[in-house]
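Notes to accompany the following structure.
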Amino acid sequence: MSIIQKDTIKVIAETVGISKTKDDIALALASDVEYRIREIVQEAMKFMRHSRRDTLTTEDVNNALKLHNVERLYGYTFRDPLRFVRVTGHKDLFYLEEKELDFKEILSAPLPKCPRECSFQLHWLAIDGVQPTIPQNPILLAPAENPNNKRKLSAMEETERPPPAPQVTPGLTIKPTVKHTLSRELQLYYEKVTQAVLGMASMDKKEDRAASSASTAEARDTTKRLYVAALNSLRSDPGLHQLVPYFTQFVAQQVAKNLFRLELLWTLLRMVEALLVNPHIRMDPYLHQLMPSIFTCLVGKRLCEDGSADHWGLRDYASKLIALICNKFGKSYKDLQPRTTKTLVQTFLDPTKPLTSHYGAIVGLSALGPHCVQLLLIPNIAAYIKLLEPKLNQDSDVVLHNEATKCYSAVLGIAGNFLRYAVDYYEKLGTMMGLVTPNPDQPKTPQSTPKTQNTTPQDGMQIEPENNKDDEKEQKEEKHKDKKKKEAFEKVERKKKKPLLPNQAPLNQIIALQELDNINGRYEEFYNIFGEALLPFIRHSNFFSDLHTF
């Protein structure tokens with residue numbers, strides 16, 4: 001039995017022009033209308049609950065109608081609930097109470113303000129993560145606590161409240177704990193690798209002290225095999241992404257704590273090199289942790305307990321790692337190599353730094369390439385040698401004398417290699433332009449001589465005539481080639497005897513002359529500094545003599 005009466009259906013039908021509706025049709029329509037109304041009301045109540053309200057509004061009904069593709073109700077757009085009033089004398093008859101409006105009041109009311117035109121304005125929300133203090137950006141202020149409006153926490157909220165912060169003692173730093181889940185396999189792998197590195201360092205330290213026995217040799221071989229296997233795994237294993245921050249932190253801590261243990265520093269740098277060459281690992285986010293440790297091994301004042309120990313090889317190896325990092329990550333970080341060269345040049349030009357730091361700066365700059373050598377080291381060699389001479393002549397302090405000799409050898413090698421590479425390049429240029437005689441050590445290419453057939457007739461044999469036209473053509477071509485070669489040779493000889501004046505020479509020849517003159521000046525400068533020690537680096541000694549004569 002439907003709650004909607006059949007008479008209501010008949011009245012609604014008459015409003016749309018349908019008269020004399022039968023009772024059975026009205027009853028069927030009444031049950032269907034009731035079903036549709038219940039469905040709309042249920043959907044409207046869902047919208048009401050999702051809006052966290054307790055009162056059903058016309059907007060909820062309109063949303064339910066829209067959900068069922070039904071045209072919305074017009075004339076009921078306000079959000080306030082409708083107020084129905086019962087008609088006096090009728091039990092089930094209601095009407096909507098509406099407020100009567102006076103047109104005089106509407107016409108006498110002031111006009112509303114005109115809306116502003118829409119416009120757009122650009123401003124920065126944040127620059128490098130910092131919000132600019134401009135009027136367009138909101139001002140972030142911490143909300144002030146009002147003690148009168150403190151609400152009481154329930155028992156559940158009391159249990160979920162975080163514990164109070166501990167009182168910090170002056171001089172004590174507390175680091176926040178960060179949860180980083182590692183599998184048991186990765187933890188075991190990390191422990192094995194670090195134990196292999198530390199074990200190899202301790203084994204190298206005890207190698208000279210321990211007596212040679214079968215057990216000691218076996219333990220040394222086992223430790224060495226584990227260390228080599230660990231390095232090979234670090235070079236090629238693709239599943240070490242989660243362990244990279246732990247390895248970099250391990251290297252930084254061990255270098256800081258064991259600065260005078262030369263064996264451990266060697267093993268740590270080999271570990272860093274293995275991580276850098278691994279193609280499956282991204283090391284660029286951790287360069288800020290690795291670079292200080294490598295620089296410490298490169299330009300550190302002391303890297304061993306005994307000053308006579310061979311720490312120079314460790315500095316050379318650290319310079320190679322610096323060059324590897326700059327070559328591999330220089331394109332991604334444009335300021336990596338400039339900052340590196342700036343640090344090394346400042347160390348090299350600082351006379352208060354020890355000679356060990358000077359040596360590290362020299363080999364570090366030379367490892368970065370010929371451009372760094374030419375621009376940063378070559379112009380400062382003369383001044384540095386003057387600074388180094390008093391320490392070279394000091395025989396009382398053996399350690400200081402050895403350090404000065406090592407720095408002198410490094411600078412000599414840089415100067416010699418610079419001249420050797422410059423000679424190899426500009427010797428070709430000078431030979432092409434006729435400014436320098438060719439290198440006599442270089443084998444000359446033999447000229448091809450035409451093969452002649454043995455035309456001597458044998459006894460009792462007759463020579464058949466060949467095609468005379470082809471022979472004449474070949475002879476003319478050979479004569480033409482010989483003439484061209486002779487003209488080219490005479491042209492080179494004329495250039496040697498009568499060189500062009502600067503105002504008559506082409507621009508590239510003027511530049512070549514200037515560059516060759518600069519090399520000659522550098523050679524004379526370095527020869528006055530190093531003397532005969534510079535000659536083994538130059539393979540072609542006639543280059544500078546011919547250039548000087550010219």
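Just remember, in the structure tokens the first chain shown is A, the second B, etc., residues are 1-based per chain, and ligands are 1-based in the order shown.
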**Q.** Test item: residues at most 7 Å from range 350-357 of chain A, only C-alpha atoms, excluding those fewer than 6 positions along its chain, as a ChimeraX atom specification
**A.** /A:299-301,403-404
**Q.** Separation of CA of Leu240 in chain A from CA of Arg315 in chain A, in Å and rounded to one decimal
**A.** 27.8 Å
Q: Write out as a ChimeraX atom specification the residues lying within 8 Å of Ala252 in chain A, counting only C-alpha atoms and excluding same-chain residues fewer than 5 positions away.
A: /A:289-290,292-293
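With only C-alpha atoms as the atoms that count, the residue of A:Ile4, A:Leu388, A:Leu275, A:Ala196 with the shortest distance to Pro238 in chain A is A:Leu275.
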